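Source file: query24.tsv (TSV, C-alpha atoms)
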chain	number	residue	atom	x	y	z
X	59	MET	CA	173.01	85.93	67.67
X	60	PRO	CA	171.21	88.73	69.56
X	61	ALA	CA	167.70	89.42	68.30
X	62	ASN	CA	165.29	92.31	68.75
X	63	ILE	CA	162.33	90.69	70.50
X	64	LEU	CA	158.97	92.32	71.16
X	65	LEU	CA	157.39	90.95	74.34
X	66	VAL	CA	153.64	91.59	74.59
X	67	GLU	CA	152.63	90.54	78.13
X	68	ASP	CA	150.28	92.36	80.51
X	69	GLU	CA	151.30	90.72	83.81
X	70	PRO	CA	154.20	92.82	85.18
X	71	ALA	CA	155.91	90.01	87.12
X	72	ILE	CA	155.86	87.62	84.16
X	73	GLN	CA	156.93	90.37	81.78
X	74	GLU	CA	159.87	91.27	84.03
X	75	LEU	CA	160.97	87.65	84.42
X	76	ILE	CA	160.82	86.88	80.70
X	77	ALA	CA	162.55	90.15	79.75
X	78	PHE	CA	165.32	89.52	82.29
X	79	ASN	CA	166.03	86.04	80.91
X	80	LEU	CA	165.99	87.25	77.31
X	81	GLN	CA	168.41	90.05	78.16
X	82	GLN	CA	170.67	87.59	79.97
X	83	ALA	CA	170.77	85.59	76.73
X	84	GLY	CA	171.93	88.73	74.90
X	85	HIS	CA	168.68	89.74	73.22
X	86	HIS	CA	167.32	93.28	73.05
X	87	VAL	CA	163.78	93.37	74.45
X	88	LEU	CA	160.96	95.78	73.64
X	89	ARG	CA	158.01	95.55	76.05
X	90	ALA	CA	154.30	96.18	75.64
X	91	ASP	CA	151.50	95.47	78.12
X	92	SER	CA	148.72	95.46	75.52
X	93	ALA	CA	148.21	94.50	71.89
X	94	GLU	CA	147.57	98.14	71.03
X	95	ALA	CA	150.92	99.19	72.54
X	96	GLY	CA	152.60	96.30	70.72
X	97	LEU	CA	151.18	97.37	67.37
X	98	SER	CA	152.43	100.89	67.98
X	99	LEU	CA	155.96	99.58	68.56
X	100	VAL	CA	155.78	97.42	65.43
X	101	LYS	CA	154.84	100.50	63.39
X	102	ASN	CA	158.07	102.18	64.47
X	103	ALA	CA	160.39	99.24	63.72
X	104	LEU	CA	160.03	95.57	62.88
X	105	PRO	CA	161.21	93.17	65.60
X	106	ASP	CA	162.99	89.94	64.71
X	107	LEU	CA	160.46	87.94	66.74
X	108	ILE	CA	157.31	88.56	68.79
X	109	LEU	CA	156.49	86.81	72.07
X	110	LEU	CA	152.75	87.25	72.39
X	111	ASP	CA	150.48	86.55	75.37
X	112	TRP	CA	147.09	85.12	74.40
X	113	MET	CA	145.05	86.81	77.15
X	114	LEU	CA	145.51	90.57	76.92
X	115	PRO	CA	143.36	93.51	78.00
X	116	GLY	CA	141.46	95.00	75.08
X	117	MET	CA	142.55	93.36	71.85
X	118	SER	CA	143.43	89.68	72.35
X	119	GLY	CA	146.69	88.06	71.32
X	120	ILE	CA	144.78	86.15	68.64
X	121	GLU	CA	143.49	89.40	67.11
X	122	PHE	CA	146.99	90.90	67.33
X	123	ALA	CA	148.43	87.89	65.48
X	124	LYS	CA	145.75	88.19	62.78
X	125	LYS	CA	146.66	91.85	62.21
X	126	ILE	CA	150.36	90.99	62.00
X	127	ARG	CA	149.71	88.24	59.45
X	128	SER	CA	147.32	90.35	57.33
X	129	ASP	CA	149.86	93.15	56.80
X	130	GLU	CA	152.43	92.54	54.05
X	131	ARG	CA	155.06	94.49	55.99
X	132	THR	CA	154.75	92.36	59.15
X	133	ARG	CA	153.49	88.98	57.96
X	134	ALA	CA	156.96	87.39	57.91
X	135	VAL	CA	157.78	88.31	61.53
X	136	PRO	CA	157.94	85.09	63.63
X	137	VAL	CA	155.38	84.88	66.46
X	138	ILE	CA	155.46	82.63	69.53
X	139	MET	CA	152.22	82.53	71.56
X	140	LEU	CA	152.48	82.47	75.38
X	141	THR	CA	149.43	81.16	77.19
X	142	ALA	CA	148.09	79.27	80.17
X	143	ARG	CA	145.59	77.53	77.86
X	144	SER	CA	146.84	74.02	77.21
X	145	GLU	CA	143.87	72.45	75.44
X	146	GLU	CA	144.64	71.02	72.00
X	147	THR	CA	141.90	73.10	70.40
X	148	ASP	CA	143.49	76.27	71.79
X	149	LYS	CA	146.89	75.29	70.40
X	150	ILE	CA	145.38	74.60	67.00
X	151	MET	CA	143.59	77.96	67.05
X	152	GLY	CA	146.83	79.77	67.89
X	153	LEU	CA	148.79	78.02	65.15
X	154	GLU	CA	146.03	78.48	62.57
X	155	THR	CA	145.99	82.18	63.36
X	156	GLY	CA	149.58	82.32	62.18
X	157	ALA	CA	151.70	81.70	65.27
X	158	ASP	CA	154.95	79.84	64.54
X	159	ASP	CA	155.01	78.15	67.94
X	160	TYR	CA	152.97	77.86	71.12
X	161	ILE	CA	154.36	77.59	74.64
X	162	THR	CA	152.22	76.90	77.71
X	163	LYS	CA	152.77	78.68	81.03
X	164	PRO	CA	154.57	77.97	83.25
X	165	PHE	CA	157.70	77.33	81.20
X	166	SER	CA	161.41	77.33	81.98
X	167	PRO	CA	163.80	79.97	80.58
X	168	ARG	CA	165.75	77.16	78.85
X	169	GLU	CA	162.62	75.94	77.07
X	170	LEU	CA	161.77	79.45	75.94
X	171	GLN	CA	165.31	80.01	74.61
X	172	ALA	CA	165.18	76.70	72.76
X	173	ARG	CA	161.82	77.60	71.18
X	174	ILE	CA	163.11	81.04	70.15
X	175	LYS	CA	166.23	79.55	68.59
X	176	ALA	CA	164.21	76.92	66.71
X	177	VAL	CA	161.75	79.47	65.33
X	178	LEU	CA	164.51	81.89	64.29
X	179	ARG	CA	166.42	79.05	62.61
X	180	ARG	CA	163.29	78.17	60.64
X	181	ARG	CA	161.86	81.62	59.90
X	182	ALA	CA	164.85	83.99	60.20
X	183	PRO	CA	168.04	81.93	59.80
X	184	GLN	CA	170.13	85.10	59.40
X	185	MET	CA	169.47	85.74	63.12
X	186	THR	CA	171.19	82.53	64.27
X	187	ASP	CA	174.85	81.69	64.89
X	188	ASP	CA	174.77	78.61	62.67
X	189	LEU	CA	177.70	78.18	60.27
X	190	VAL	CA	176.56	78.37	56.63
X	191	GLU	CA	178.39	77.11	53.55
X	192	VAL	CA	177.69	77.35	49.83
X	193	LYS	CA	180.07	75.91	47.22
X	194	GLY	CA	183.21	76.30	49.32
X	195	LEU	CA	182.19	79.71	50.67
X	196	SER	CA	181.69	79.56	54.43
X	197	LEU	CA	180.44	82.15	56.91
X	198	ASP	CA	180.57	81.80	60.68
X	199	PRO	CA	178.40	84.41	62.48
X	200	SER	CA	179.80	83.51	65.91
X	201	THR	CA	183.39	84.38	64.91
X	202	HIS	CA	182.47	86.86	62.17
X	203	ARG	CA	184.75	85.04	59.72
X	204	VAL	CA	184.27	84.34	56.04
X	205	ALA	CA	186.40	81.99	53.98
X	206	GLY	CA	186.45	80.92	50.35
X	207	ASN	CA	187.98	77.49	49.73
X	208	GLY	CA	189.82	77.83	53.04
X	209	SER	CA	191.19	81.33	52.37
X	210	GLY	CA	190.05	84.15	54.62
X	211	ILE	CA	187.92	86.93	53.11
X	212	ASP	CA	187.73	90.39	54.69
X	213	LEU	CA	184.29	92.00	54.63
X	214	GLY	CA	182.92	95.19	56.09
X	215	PRO	CA	180.02	94.86	58.56
X	216	THR	CA	177.32	95.68	55.98
X	217	GLU	CA	178.78	93.31	53.38
X	218	PHE	CA	178.97	90.60	56.06
X	219	ARG	CA	175.27	91.01	56.94
X	220	LEU	CA	174.36	91.13	53.26
X	221	LEU	CA	176.26	87.91	52.51
X	222	HIS	CA	174.81	86.20	55.59
X	223	PHE	CA	171.29	87.07	54.47
X	224	PHE	CA	171.95	85.81	50.94
X	225	MET	CA	173.53	82.56	52.17
X	226	THR	CA	170.63	81.80	54.51
X	227	HIS	CA	168.10	82.51	51.74
X	228	PRO	CA	169.72	80.92	48.67
X	229	GLU	CA	168.04	80.91	45.26
X	230	ARG	CA	165.48	83.54	46.30
X	231	VAL	CA	165.30	86.85	44.47
X	232	HIS	CA	165.25	89.90	46.75
X	233	SER	CA	164.39	93.43	45.66
X	234	ARG	CA	166.50	96.35	46.84
X	235	ALA	CA	163.68	97.40	49.19
X	236	GLN	CA	163.55	93.91	50.73
X	237	LEU	CA	167.31	93.87	51.23
X	238	LEU	CA	167.16	97.28	52.90
X	239	ASP	CA	164.49	96.04	55.31
X	240	HIS	CA	166.24	92.77	56.18
X	241	VAL	CA	169.89	93.85	56.16
X	242	TRP	CA	169.85	97.56	57.01
X	243	GLY	CA	166.70	97.41	59.13
X	244	ASP	CA	163.10	98.47	58.81
X	245	HIS	CA	162.52	102.24	58.79
X	246	VAL	CA	166.14	103.00	57.94
X	247	PHE	CA	165.91	105.72	55.33
X	248	VAL	CA	168.69	105.24	52.79
X	249	GLU	CA	168.58	105.24	49.01
X	250	GLU	CA	167.81	101.91	47.35
X	251	ARG	CA	170.87	102.41	45.14
X	252	THR	CA	172.95	102.07	48.32
X	253	VAL	CA	172.32	98.34	47.93
X	254	ASP	CA	174.06	98.38	44.53
X	255	VAL	CA	177.17	99.95	46.07
X	256	HIS	CA	177.43	97.25	48.73
X	257	ILE	CA	176.73	94.49	46.20
X	258	ARG	CA	179.71	95.74	44.17
X	259	ARG	CA	181.90	95.78	47.30
X	260	LEU	CA	180.76	92.27	48.21
X	261	ARG	CA	181.48	90.91	44.73
X	262	SER	CA	184.90	92.58	44.73
X	263	ALA	CA	185.77	90.92	48.07
X	264	LEU	CA	184.60	87.52	46.80
X	265	GLU	CA	186.36	87.79	43.43
X	266	PRO	CA	189.81	86.44	44.50
X	267	THR	CA	188.28	83.07	45.45
X	268	GLY	CA	185.90	83.01	42.48
X	269	HIS	CA	182.76	83.28	44.59
X	270	ASP	CA	181.62	86.62	43.18
X	271	ALA	CA	179.61	84.72	40.54
X	272	LEU	CA	177.32	83.42	43.31
X	273	ILE	CA	175.79	86.90	43.65
X	274	GLN	CA	173.56	87.30	40.63
X	275	THR	CA	171.64	90.29	39.30
X	276	VAL	CA	168.07	89.56	38.24
X	277	ARG	CA	167.24	92.28	35.75
X	278	GLY	CA	164.34	94.47	36.78
X	279	THR	CA	163.87	92.63	40.09
X	280	GLY	CA	166.91	92.56	42.38
X	281	TYR	CA	169.59	90.14	43.47
X	282	ARG	CA	169.96	86.52	44.54
X	283	LEU	CA	172.64	84.09	45.64
X	284	SER	CA	172.63	81.00	43.45
X	285	ALA	CA	174.91	77.98	43.32
X	286	LEU	CA	173.11	76.55	40.28
Mind converting the file's structure to structure tokens?
Amino acid sequence: MPANILLVEDEPAIQELIAFNLQQAGHHVLRADSAEAGLSLVKNALPDLILLDWMLPGMSGIEFAKKIRSDERTRAVPVIMLTARSEETDKIMGLETGADDYITKPFSPRELQARIKAVLRRRAPQMTDDLVEVKGLSLDPSTHRVAGNGSGIDLGPTEFRLLHFFMTHPERVHSRAQLLDHVWGDHVFVEERTVDVHIRRLRSALEPTGHDALIQTVRGTGYRLSAL
């Protein structure tokens, strides 16, 4: 599934090559040639993943990663460090700073894609094309199809994204604000009660197959998908 990827890399040729390969894979790429420029882009909208060069002019990639991890709004964004430093101590430092993965230059486009997919599957499973299934309810992102006990279920695009997020984060309670950030997108200004409207639509669509009970209201907190 296409992801919004922030690439923070100061070497123009490397930046161009990485961006080209990411775009060929269907991703949308935002570019920054410094940590300061990267932070400015993150303030405007959260990316799905950050590719971060270690050696940057001004603020280092390590300092950038520390800032990302210290901010509640950005701490969950996956980060992959890009660096020519291959020493074990450097890798440990990068990972301890909060990076989800570490890839040493030079690397092949196929390796980078594999690392991105693995990190998204682990940290942001709603961004992958993996089929998900819960108690006879299945959702296939690649074909945009949902079925309950083998019967097709028609969902609008927002309800589809909402269900996909719930199914890839089962048993967790999400506030309306969190759902707006993850499903509608960061910095999208809509009323929190909009979530309630789409929850009702989603439950209505799931009702014929009996899967509406999976979507539970947690009083005073938000919503969760639970098969328990």
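Going from CA of Leu238 in chain X to CA of Glu250 in chain X covers 7.3 Å.
Of the listed residues (X:Leu237, X:Leu220, X:Val192, X:Ile120), X:Val192 comes nearest to Leu272 in chain X; the distances count all atoms listed in the file.
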- [ ] Counting all atoms listed in the file, figure out which residue out of X:Gly96, X:Leu213, X:Ala271, X:Leu283 gets nearest to Arg259 in chain X.
- [x] X:Leu213
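Relative to CA of Val135 in chain X, CA of Pro115 in chain X is found at 22.5 Å.
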Open item on the list: List as a list of chain:residue names the residues having at least one atom at most 10 Å from position (171.9, 80.0, 63.4) as given in the file, counting all atoms listed in the file.
Closed with: X:Met59, X:Lys175, X:Ala176, X:Leu178, X:Arg179, X:Arg180, X:Ala182, X:Pro183, X:Gln184, X:Met185, X:Thr186, X:Asp187, X:Asp188, X:Leu189, X:Val190, X:Asp198, X:Pro199, X:Ser200, X:Thr226
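Near Val177 in chain X, within 12 Å and counting all atoms listed in the file, sit X:Ala61, X:Asp106, X:Leu107, X:Ile108, X:Leu109, X:Ala134, X:Val135, X:Pro136, X:Val137, X:Ile138, X:Met139, X:Ala157, X:Asp158, X:Asp159, X:Tyr160, X:Leu170, X:Gln171, X:Ala172, X:Arg173, X:Arg181, X:Ala182, X:Pro183, X:Gln184, X:Met185, X:Thr186; same-chain residues fewer than 4 positions away were not included.
If you look at CA of Ile63 in chain X and CA of Val87 in chain X, they are 5.0 Å away from each other.
Nearest residue to Thr141 in chain X among X:Val66, X:Leu221, X:Val100, X:Ala263 is X:Val66, counting only C-alpha atoms.
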Mind working out the centre and edge lengths of an axis-aligned box for range 252-257 of chain X, all listed atoms inside, 6 Å added to each side, rounded to one decimal in Å and written as lines of an AutoDock Vina configuration file?
center_x = 174.9
center_y = 98.3
center_z = 46.6
size_x = 17.1
size_y = 19.6
size_z = 16.2
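Of the residues listed (X:Val231, X:Glu217, X:Phe223, X:Pro164), X:Glu217 shows the shortest atom-to-atom separation from Arg258 in chain X; distances use only C-alpha atoms.
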